[in-house]
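A.B. asks: Structure file coords.tsv, TSV, C-alpha atoms, is pasted below:
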```tsv
chain	number	residue	atom	x	y	z
A	1	MET	CA	-19.73	-29.64	-9.28
A	2	THR	CA	-20.90	-26.89	-6.94
A	3	ASP	CA	-19.29	-23.55	-7.73
A	4	PRO	CA	-17.19	-22.64	-4.67
A	5	THR	CA	-16.17	-19.22	-5.96
A	6	VAL	CA	-18.52	-17.38	-3.63
A	7	SER	CA	-16.14	-18.18	-0.78
A	8	LEU	CA	-13.08	-16.64	-2.43
A	9	ASP	CA	-12.45	-12.91	-2.25
A	10	LYS	CA	-11.82	-11.62	-5.76
A	11	ARG	CA	-9.63	-8.87	-4.33
A	12	LEU	CA	-7.16	-11.58	-3.31
A	13	ASN	CA	-7.77	-14.35	-5.83
A	14	ALA	CA	-7.31	-14.03	-9.59
A	15	TYR	CA	-10.27	-15.70	-11.24
A	16	ARG	CA	-12.81	-14.84	-13.91
A	17	PRO	CA	-15.19	-17.03	-15.91
A	18	ASP	CA	-12.73	-17.16	-18.82
A	19	ARG	CA	-9.47	-17.67	-16.93
A	20	ALA	CA	-7.99	-18.08	-13.49
A	21	ASP	CA	-4.72	-18.43	-11.64
A	22	GLU	CA	-3.32	-21.95	-12.05
A	23	SER	CA	-2.98	-22.21	-8.26
A	24	LEU	CA	-6.79	-21.99	-7.96
A	25	ARG	CA	-7.42	-25.10	-10.04
A	26	GLY	CA	-9.97	-27.23	-8.21
A	27	LEU	CA	-11.13	-24.27	-6.12
A	28	VAL	CA	-12.90	-22.19	-8.77
A	29	GLN	CA	-14.50	-22.73	-12.15
A	30	ALA	CA	-12.92	-21.16	-15.22
A	31	GLU	CA	-12.53	-21.99	-18.90
A	32	ARG	CA	-8.76	-21.82	-18.63
A	33	PHE	CA	-6.15	-21.88	-15.88
A	34	VAL	CA	-2.86	-20.04	-16.44
A	35	PRO	CA	0.33	-19.50	-14.47
A	36	GLY	CA	1.21	-15.93	-13.57
A	37	LYS	CA	3.98	-14.30	-15.60
A	38	PRO	CA	6.52	-12.62	-13.28
A	39	MET	CA	6.82	-8.88	-13.91
A	40	ARG	CA	7.66	-5.75	-11.88
A	41	ILE	CA	6.06	-2.34	-11.44
A	42	ALA	CA	8.20	0.15	-13.38
A	43	ASP	CA	6.23	3.36	-12.77
A	44	PRO	CA	6.66	5.35	-9.54
A	45	MET	CA	3.15	4.20	-8.69
A	46	VAL	CA	0.32	2.74	-10.72
A	47	ASP	CA	-3.42	2.94	-10.20
A	48	VAL	CA	-5.15	-0.42	-9.87
A	49	ARG	CA	-8.77	-0.96	-10.94
A	50	PHE	CA	-11.26	-3.82	-10.78
A	51	GLU	CA	-12.19	-3.24	-14.42
A	52	PRO	CA	-9.91	-2.58	-17.42
A	53	ARG	CA	-11.22	0.92	-18.06
A	54	GLY	CA	-9.59	4.28	-17.52
A	55	ASP	CA	-12.76	5.67	-15.94
A	56	ALA	CA	-13.15	2.75	-13.51
A	57	PRO	CA	-12.70	3.63	-9.82
A	58	ILE	CA	-9.24	3.18	-8.33
A	59	THR	CA	-9.15	0.37	-5.78
A	60	THR	CA	-5.50	0.63	-4.71
A	61	GLN	CA	-2.04	1.45	-6.04
A	62	PHE	CA	1.14	-0.57	-6.50
A	63	LEU	CA	4.55	0.99	-5.92
A	64	TYR	CA	7.76	1.07	-7.89
A	65	GLY	CA	9.60	-2.22	-7.56
A	66	ASP	CA	6.60	-4.32	-6.50
A	67	ASP	CA	6.76	-7.80	-7.98
A	68	VAL	CA	3.55	-8.91	-9.65
A	69	LEU	CA	2.13	-11.87	-11.56
A	70	VAL	CA	0.39	-11.19	-14.88
A	71	PHE	CA	-2.54	-13.44	-15.81
A	72	ASP	CA	-3.80	-11.57	-18.86
A	73	ASP	CA	-2.55	-8.83	-21.21
A	74	ASP	CA	-5.16	-7.43	-23.56
A	75	ASN	CA	-5.97	-4.13	-25.23
A	76	GLY	CA	-3.53	-2.09	-23.18
A	77	TRP	CA	-4.47	-3.57	-19.80
A	78	CYS	CA	-2.82	-6.25	-17.67
A	79	TRP	CA	-4.70	-8.31	-15.10
A	80	ILE	CA	-2.24	-8.82	-12.27
A	81	GLN	CA	-1.72	-9.81	-8.66
A	82	ASN	CA	0.74	-8.10	-6.32
A	83	GLU	CA	2.97	-10.67	-4.66
A	84	ARG	CA	3.46	-8.40	-1.64
A	85	ASP	CA	-0.14	-8.22	-0.45
A	86	GLY	CA	-2.02	-10.50	-2.86
A	87	TYR	CA	-4.20	-7.74	-4.29
A	88	VAL	CA	-5.67	-8.36	-7.75
A	89	GLY	CA	-6.64	-5.80	-10.38
A	90	TYR	CA	-6.02	-4.18	-13.74
A	91	VAL	CA	-3.17	-1.80	-14.58
A	92	VAL	CA	-2.06	-0.20	-17.82
A	93	ASP	CA	0.48	-2.42	-19.56
A	94	THR	CA	3.08	0.37	-19.86
A	95	SER	CA	3.51	0.35	-16.08
A	96	LEU	CA	5.19	-3.09	-16.10
A	97	ASP	CA	8.66	-4.30	-16.98
A	98	ARG	CA	10.68	-7.49	-16.75
A	99	ARG	CA	12.27	-8.38	-13.43
A	100	THR	CA	15.99	-7.64	-13.64
A	101	GLY	CA	18.06	-8.14	-10.52
A	102	ASP	CA	16.80	-8.22	-6.96
A	103	PRO	CA	15.92	-5.01	-5.11
A	104	THR	CA	18.50	-4.14	-2.47
A	105	HIS	CA	17.05	-1.02	-0.82
A	106	ILE	CA	13.72	0.52	0.16
A	107	VAL	CA	12.77	4.20	0.24
A	108	ILE	CA	12.20	5.41	3.83
A	109	ALA	CA	11.60	9.11	3.15
A	110	PRO	CA	7.94	10.00	2.55
A	111	ARG	CA	9.00	11.13	-0.95
A	112	THR	CA	12.29	11.27	-2.81
A	113	PHE	CA	13.60	12.21	-6.25
A	114	VAL	CA	15.58	10.24	-8.79
A	115	TYR	CA	18.21	12.25	-10.68
A	116	PRO	CA	19.96	11.43	-13.98
A	117	GLY	CA	23.28	11.48	-12.14
A	118	SER	CA	24.86	12.26	-8.78
A	119	ASP	CA	23.96	15.95	-8.57
A	120	LEU	CA	20.87	17.39	-6.90
A	121	LYS	CA	20.98	20.29	-9.38
A	122	PHE	CA	20.14	17.94	-12.23
A	123	PRO	CA	16.47	17.91	-13.32
A	124	ARG	CA	14.72	14.99	-11.65
A	125	THR	CA	13.72	12.00	-13.77
A	126	LYS	CA	11.03	10.69	-11.40
A	127	ALA	CA	9.76	10.85	-7.83
A	128	LEU	CA	9.37	7.79	-5.60
A	129	SER	CA	7.31	7.15	-2.49
A	130	MET	CA	8.19	5.58	0.78
A	131	GLY	CA	8.02	1.81	0.33
A	132	SER	CA	9.40	1.80	-3.21
A	133	LEU	CA	12.04	-0.84	-3.93
A	134	VAL	CA	15.26	-0.13	-5.85
A	135	THR	CA	18.48	-1.87	-6.77
A	136	ILE	CA	21.61	0.01	-5.71
A	137	THR	CA	24.94	-0.79	-7.35
A	138	GLY	CA	27.21	1.69	-5.57
A	139	GLY	CA	27.57	5.18	-4.19
A	140	GLU	CA	29.00	8.55	-5.17
A	141	GLU	CA	29.63	11.71	-3.20
A	142	ARG	CA	29.36	15.23	-4.58
A	143	ARG	CA	29.70	18.46	-2.57
A	144	GLY	CA	29.27	16.51	0.66
A	145	THR	CA	26.07	14.72	-0.40
A	146	LEU	CA	26.13	10.93	-0.75
A	147	TYR	CA	24.14	9.44	-3.62
A	148	ALA	CA	23.04	5.84	-4.12
A	149	MET	CA	23.49	4.77	-7.73
A	150	LEU	CA	21.00	2.75	-9.77
A	151	PRO	CA	21.98	0.35	-12.59
A	152	SER	CA	20.75	2.97	-15.07
A	153	GLY	CA	23.30	5.51	-13.79
A	154	GLU	CA	20.54	7.46	-12.07
A	155	ALA	CA	20.97	8.55	-8.46
A	156	ILE	CA	18.92	8.85	-5.26
A	157	ILE	CA	19.87	10.69	-2.08
A	158	ALA	CA	21.43	7.87	-0.06
A	159	LYS	CA	19.95	8.85	3.31
A	160	HIS	CA	16.48	8.42	1.84
A	161	LEU	CA	17.12	4.65	1.56
A	162	VAL	CA	17.95	1.73	3.81
A	163	PRO	CA	18.86	-1.87	2.94
A	164	ILE	CA	15.77	-3.91	2.19
A	165	ASP	CA	16.17	-6.03	5.34
A	166	GLU	CA	16.43	-3.01	7.67
A	167	VAL	CA	13.09	-2.14	9.28
A	168	ALA	CA	11.71	0.60	11.50
A	169	GLU	CA	10.73	-0.23	15.07
A	170	ASP	CA	7.59	1.87	15.50
A	171	HIS	CA	4.81	1.93	12.92
A	172	VAL	CA	3.27	5.01	14.52
A	173	ALA	CA	6.53	6.92	14.13
A	174	VAL	CA	6.52	5.95	10.45
A	175	ALA	CA	2.95	7.18	10.04
A	176	GLU	CA	3.83	10.43	11.81
A	177	THR	CA	6.29	11.26	9.04
A	178	LEU	CA	3.31	11.22	6.68
A	179	LEU	CA	1.29	13.84	8.58
A	180	HIS	CA	-0.37	16.34	6.21
A	181	THR	CA	-0.07	13.96	3.25
A	182	PRO	CA	-3.17	14.50	1.07
A	183	TYR	CA	-5.98	12.01	1.39
A	184	LEU	CA	-6.46	9.98	-1.79
A	185	TRP	CA	-9.05	7.23	-2.19
A	186	GLY	CA	-7.09	4.08	-3.07
A	187	GLY	CA	-3.76	5.80	-2.36
A	188	VAL	CA	-0.87	3.97	-0.73
A	189	SER	CA	1.99	6.45	-1.10
A	190	GLY	CA	3.61	9.57	0.29
A	191	PHE	CA	1.95	11.52	-2.51
A	192	GLY	CA	-1.60	10.56	-1.52
A	193	ILE	CA	-2.96	7.91	0.81
A	194	ASP	CA	-6.18	6.57	2.29
A	195	CYS	CA	-6.91	5.22	5.76
A	196	SER	CA	-6.04	1.56	5.24
A	197	GLY	CA	-3.20	2.53	2.91
A	198	LEU	CA	-1.60	4.44	5.79
A	199	VAL	CA	-1.91	1.42	8.08
A	200	GLN	CA	-0.47	-0.90	5.45
A	201	LEU	CA	2.46	1.36	4.51
A	202	ALA	CA	3.40	2.10	8.13
A	203	LEU	CA	3.44	-1.59	8.97
A	204	LEU	CA	5.30	-2.46	5.76
A	205	MET	CA	8.15	-0.22	6.90
A	206	THR	CA	8.37	-2.20	10.15
A	207	GLY	CA	8.63	-5.45	8.22
A	208	GLN	CA	5.04	-6.51	8.81
A	209	GLY	CA	3.06	-7.32	5.69
A	210	VAL	CA	-0.68	-6.83	6.13
A	211	LEU	CA	-3.67	-6.94	3.82
A	212	ARG	CA	-4.82	-3.85	1.97
A	213	ASP	CA	-8.42	-2.96	2.80
A	214	SER	CA	-9.85	-1.91	6.16
A	215	ASP	CA	-12.21	-4.90	6.48
A	216	MET	CA	-9.29	-7.27	5.83
A	217	GLN	CA	-7.13	-5.48	8.39
A	218	ALA	CA	-9.90	-5.44	11.01
A	219	ALA	CA	-10.10	-9.22	10.73
A	220	SER	CA	-6.40	-10.04	10.63
A	221	ILE	CA	-4.01	-7.57	12.27
A	222	GLY	CA	-2.67	-8.74	15.63
A	223	GLU	CA	-5.34	-9.73	18.10
A	224	ALA	CA	-8.70	-8.25	19.01
A	225	ILE	CA	-8.94	-6.40	22.31
A	226	GLU	CA	-12.06	-5.28	24.15
A	227	PRO	CA	-12.07	-1.54	24.81
A	228	ASP	CA	-13.56	-0.25	28.03
A	229	PRO	CA	-16.61	2.01	27.73
A	230	ASP	CA	-14.46	5.17	27.44
A	231	TYR	CA	-11.64	3.54	25.42
A	232	HIS	CA	-9.21	4.41	28.21
A	233	ASN	CA	-7.38	1.09	27.89
A	234	LEU	CA	-6.10	1.85	24.39
A	235	ARG	CA	-2.42	2.65	23.91
A	236	ARG	CA	-0.05	3.97	21.27
A	237	GLY	CA	0.08	1.62	18.30
A	238	ASP	CA	-3.38	0.09	18.69
A	239	PHE	CA	-5.66	0.06	15.66
A	240	VAL	CA	-9.26	1.26	15.69
A	241	PHE	CA	-11.67	0.23	12.94
A	242	TRP	CA	-15.04	1.49	11.85
A	243	LYS	CA	-17.10	0.15	8.97
A	244	GLY	CA	-14.95	1.32	6.05
A	245	HIS	CA	-12.31	3.13	8.11
A	246	ALA	CA	-8.99	2.31	9.75
A	247	ALA	CA	-6.90	4.35	12.17
A	248	MET	CA	-4.10	3.95	14.71
A	249	MET	CA	-3.55	5.40	18.14
A	250	ALA	CA	-0.73	7.95	18.44
A	251	SER	CA	-1.29	7.99	22.21
A	252	HIS	CA	-3.89	6.59	24.60
A	253	SER	CA	-6.32	9.34	23.56
A	254	THR	CA	-5.19	10.63	20.15
A	255	LEU	CA	-5.95	9.10	16.78
A	256	LEU	CA	-3.64	9.23	13.75
A	257	HIS	CA	-5.37	8.53	10.46
A	258	ALA	CA	-5.82	9.46	6.82
A	259	SER	CA	-9.08	11.32	7.14
A	260	GLY	CA	-11.62	12.04	4.45
A	261	HIS	CA	-12.92	14.74	6.81
A	262	THR	CA	-9.73	16.83	6.70
A	263	MET	CA	-8.58	15.28	3.38
A	264	SER	CA	-5.15	14.65	4.90
A	265	VAL	CA	-3.22	12.49	7.34
A	266	THR	CA	-4.05	14.09	10.65
A	267	LEU	CA	-4.12	13.81	14.43
A	268	GLU	CA	-7.51	13.93	16.13
A	269	PRO	CA	-8.73	13.27	19.67
A	270	LEU	CA	-10.27	9.79	19.72
A	271	ARG	CA	-13.36	11.05	21.53
A	272	ASP	CA	-13.98	13.66	18.82
A	273	ALA	CA	-13.51	11.13	16.03
A	274	ILE	CA	-15.95	8.66	17.62
A	275	GLU	CA	-18.61	11.36	17.94
A	276	ARG	CA	-18.09	12.71	14.44
A	277	ILE	CA	-17.98	9.33	12.66
A	278	ALA	CA	-20.91	7.88	14.64
A	279	TYR	CA	-23.28	10.31	12.95
A	280	LEU	CA	-22.85	8.53	9.61
A	281	TYR	CA	-21.18	5.17	10.26
A	282	GLY	CA	-21.76	4.21	13.87
A	283	LYS	CA	-19.22	3.45	16.57
A	284	PRO	CA	-15.94	1.53	16.14
A	285	THR	CA	-16.44	-2.09	15.14
A	286	ALA	CA	-13.06	-3.45	16.26
A	287	VAL	CA	-9.88	-2.60	18.12
A	288	ARG	CA	-6.76	-4.64	17.49
A	289	ARG	CA	-3.28	-4.75	18.97
A	290	LEU	CA	-0.10	-6.19	17.51
A	291	THR	CA	1.06	-9.29	19.33
```
Now, as a test, write the supplied structure out as structure tokens.

C.D. replies:
Amino acid sequence: MTDPTVSLDKRLNAYRPDRADESLRGLVQAERFVPGKPMRIADPMVDVRFEPRGDAPITTQFLYGDDVLVFDDDNGWCWIQNERDGYVGYVVDTSLDRRTGDPTHIVIAPRTFVYPGSDLKFPRTKALSMGSLVTITGGEERRGTLYAMLPSGEAIIAKHLVPIDEVAEDHVAVAETLLHTPYLWGGVSGFGIDCSGLVQLALLMTGQGVLRDSDMQAASIGEAIEPDPDYHNLRRGDFVFWKGHAAMMASHSTLLHASGHTMSVTLEPLRDAIERIAYLYGKPTAVRRLT
């Protein structure tokens, strides 16, 4: 049989010569096909790599509460796929735990702390990013501050959460809360984020799941629009793509993006960005608008 694997993106399909996702049977060649074991990300965030090595480049990150499927567990590394965006990679096995209960709330603050109890004076136990999923069992108030309580007895500031089915209306407004966040290659969180990570996280908070990498987003978000020669027909919320870069419009003339130039999430005149980026990577390759 002809090997069809060349047509499947390994970033989104779990297959190797020795084993593959059971759902890919008949589509790829592998010695063994296995079902994914349901697990959940238990660390505040976990680095994902294409190879099971600590010195391998980071390709993306998964956030606390993300549900994943595990296809292999060997020598301290798990080969997994995120059910939220389909991304495949290797994470350290200590970052996973069994799924217990269904998440009820999502973090909406860029960053928040988890405390061992309902008192902000307690030493924090962890820090979570926007987009993290938690299960809330009740609430407590202390000195006028309302806390959301986790099954463990830990607490989060309640106003930093919303029910999981409550979404923001404007993805640009979400991204604006992340201004000045440090740029991090492969980052997807309020602690460090890259260009396509910012696009993905902002849209996630509006209830719109999109793919992870800039080339995937340039081919799939909304619909393509044709910019006029001076890009004057762009509007707030549109997405502008270069080869290897993703950004969104904060206004008809201002770009909002996680920039490797400033090493932060920043605002920049679109005209300036086009001139600066063209020197190395050419002009924008696509402009897309949500339908």

A.B. asks: Could you tell me how far CA of His171 (chain A) lies from CA of Tyr147 (chain A), in Å and to one decimal?

C.D. replies: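 If I compute the distance from CA of His171 (chain A) to CA of Tyr147 (chain A), I get 26.5 Å.
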
A.B. asks: Would you mind telling me which residue in A:Asp93, A:Glu31, A:Glu22, A:Asp238 lies nearest to Asp170 (chain A) when using only C-alpha atoms?

C.D. replies: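 Between A:Asp93, A:Glu31, A:Glu22, A:Asp238, the residue approaching Asp170 (chain A) most closely is A:Asp238.
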
A.B. asks: Out of A:Pro163, A:Thr266, A:Tyr231, A:Ile41, which residue has the shortest atom-to-atom distance to Ser253 (chain A) when counting all atoms listed in the file?

C.D. replies: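 Comparing A:Pro163, A:Thr266, A:Tyr231, A:Ile41 against Ser253 (chain A), the winner is A:Tyr231.
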
A.B. asks: Quick one: of A:Arg142, A:Ala20, A:Leu234, A:Arg11, who's nearest to Tyr87 (chain A), counting all atoms listed in the file?

C.D. replies: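 Using all atoms listed in the file, Tyr87 (chain A) sits closest to A:Arg11.
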
A.B. asks: Do you have the CA of Thr100 (chain A)-CA of Tyr64 (chain A) distance handy?

C.D. replies: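 These atoms are spaced 13.3 Å apart.
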
A.B. asks: Tell me, in Å to one decimal, how far CA of Cys78 (chain A) is from CA of Arg98 (chain A).

C.D. replies: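 Separation of CA of Cys78 (chain A) and CA of Arg98 (chain A): 13.6 Å.
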
A.B. asks: Tell me, as a JSON list (two decimals) with C-alpha atoms, keeping the file's coordinate frame, which residues lie within 9 Å of region 220-229 of chain A, counting all atoms listed in the file; anything in the same chain fewer than 3 positions away does not count.

C.D. replies:
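What landed in around-v4.json:
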```json
[["chain", "number", "residue", "atom", "x", "y", "z"],
["A", 210, "VAL", "CA", -0.68, -6.83, 6.13],
["A", 211, "LEU", "CA", -3.67, -6.94, 3.82],
["A", 215, "ASP", "CA", -12.21, -4.90, 6.48],
["A", 216, "MET", "CA", -9.29, -7.27, 5.83],
["A", 217, "GLN", "CA", -7.13, -5.48, 8.39],
["A", 232, "HIS", "CA", -9.21, 4.41, 28.21],
["A", 233, "ASN", "CA", -7.38, 1.09, 27.89],
["A", 234, "LEU", "CA", -6.10, 1.85, 24.39],
["A", 239, "PHE", "CA", -5.66, 0.06, 15.66],
["A", 286, "ALA", "CA", -13.06, -3.45, 16.26],
["A", 287, "VAL", "CA", -9.88, -2.60, 18.12],
["A", 288, "ARG", "CA", -6.76, -4.64, 17.49],
["A", 289, "ARG", "CA", -3.28, -4.75, 18.97],
["A", 290, "LEU", "CA", -0.10, -6.19, 17.51],
["A", 291, "THR", "CA", 1.06, -9.29, 19.33]]
```

A.B. asks: Mind dumping a table of every region 167-281 of chain A residue within 8 Å of region 103-126 of chain A, with the nearest atom pair and its distance in Å to one decimal, using only C-alpha atoms, sorted by chain and rising number, as JSON lines?

C.D. replies:
```
{"residue": "A:Thr177", "atom": "CA", "partner": "A:Pro110", "partner_atom": "CA", "distance": 6.8}
{"residue": "A:Leu178", "atom": "CA", "partner": "A:Pro110", "partner_atom": "CA", "distance": 6.3}
{"residue": "A:Ser189", "atom": "CA", "partner": "A:Pro110", "partner_atom": "CA", "distance": 7.8}
{"residue": "A:Gly190", "atom": "CA", "partner": "A:Pro110", "partner_atom": "CA", "distance": 4.9}
{"residue": "A:Phe191", "atom": "CA", "partner": "A:Arg111", "partner_atom": "CA", "distance": 7.2}
{"residue": "A:Met205", "atom": "CA", "partner": "A:Ile108", "partner_atom": "CA", "distance": 7.6}
```

A.B. asks: Measuring between only C-alpha atoms, which one of A:Thr135, A:Ser23, A:Asn13, A:Gln29 shows the shortest distance to Gln81 (chain A)?

C.D. replies: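 Smallest distance to Gln81 (chain A) is found for A:Asn13.
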
A.B. asks: When you count all atoms listed in the file, which of these residues is closest to Asp72 (chain A): A:Ala273, A:Ala42, A:Gly36, A:Glu268?

C.D. replies: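 Ranked by minimum distance to Asp72 (chain A), first place goes to A:Gly36.
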
A.B. asks: For the point (0.0, -7.3, -9.5) in the file's frame, write as a VMD selection string all residues with an atom no more than 6 Å away, counting all atoms listed in the file.

C.D. replies: chain A and resid 68 to 69 80 to 82

A.B. asks: Restricting the output to C-alpha atoms, write the selected residues as a JSON list (two decimals), in the coordinates of the input.

C.D. replies:
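The resulting selection.json:
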```json
[["chain", "number", "residue", "atom", "x", "y", "z"],
["A", 68, "VAL", "CA", 3.55, -8.91, -9.65],
["A", 69, "LEU", "CA", 2.13, -11.87, -11.56],
["A", 80, "ILE", "CA", -2.24, -8.82, -12.27],
["A", 81, "GLN", "CA", -1.72, -9.81, -8.66],
["A", 82, "ASN", "CA", 0.74, -8.10, -6.32]]
```

A.B. asks: Which residues come within 12 Å of Pro182 (chain A), counting only C-alpha atoms, excluding same-chain residues fewer than 4 positions away, as a PyMOL selection string?

C.D. replies: chain A and resi 178+186-195+198+257-266

A.B. asks: When you look at region 45-58 of chain A with a cut-off of 7 Å (counting all atoms listed in the file), what residues show up, excluding the ones that are within fewer than 4 positions of it in the same chain? I need them as a PyMOL selection string.

C.D. replies: chain A and resi 62-64+77+89-91+95+186

A.B. asks: Using all atoms listed in the file, which of A:Leu267, A:Leu161, A:Ala202, A:Leu179 sits nearest Ala148 (chain A)?

C.D. replies: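 Among A:Leu267, A:Leu161, A:Ala202, A:Leu179, it is A:Leu161 that comes nearest to Ala148 (chain A).
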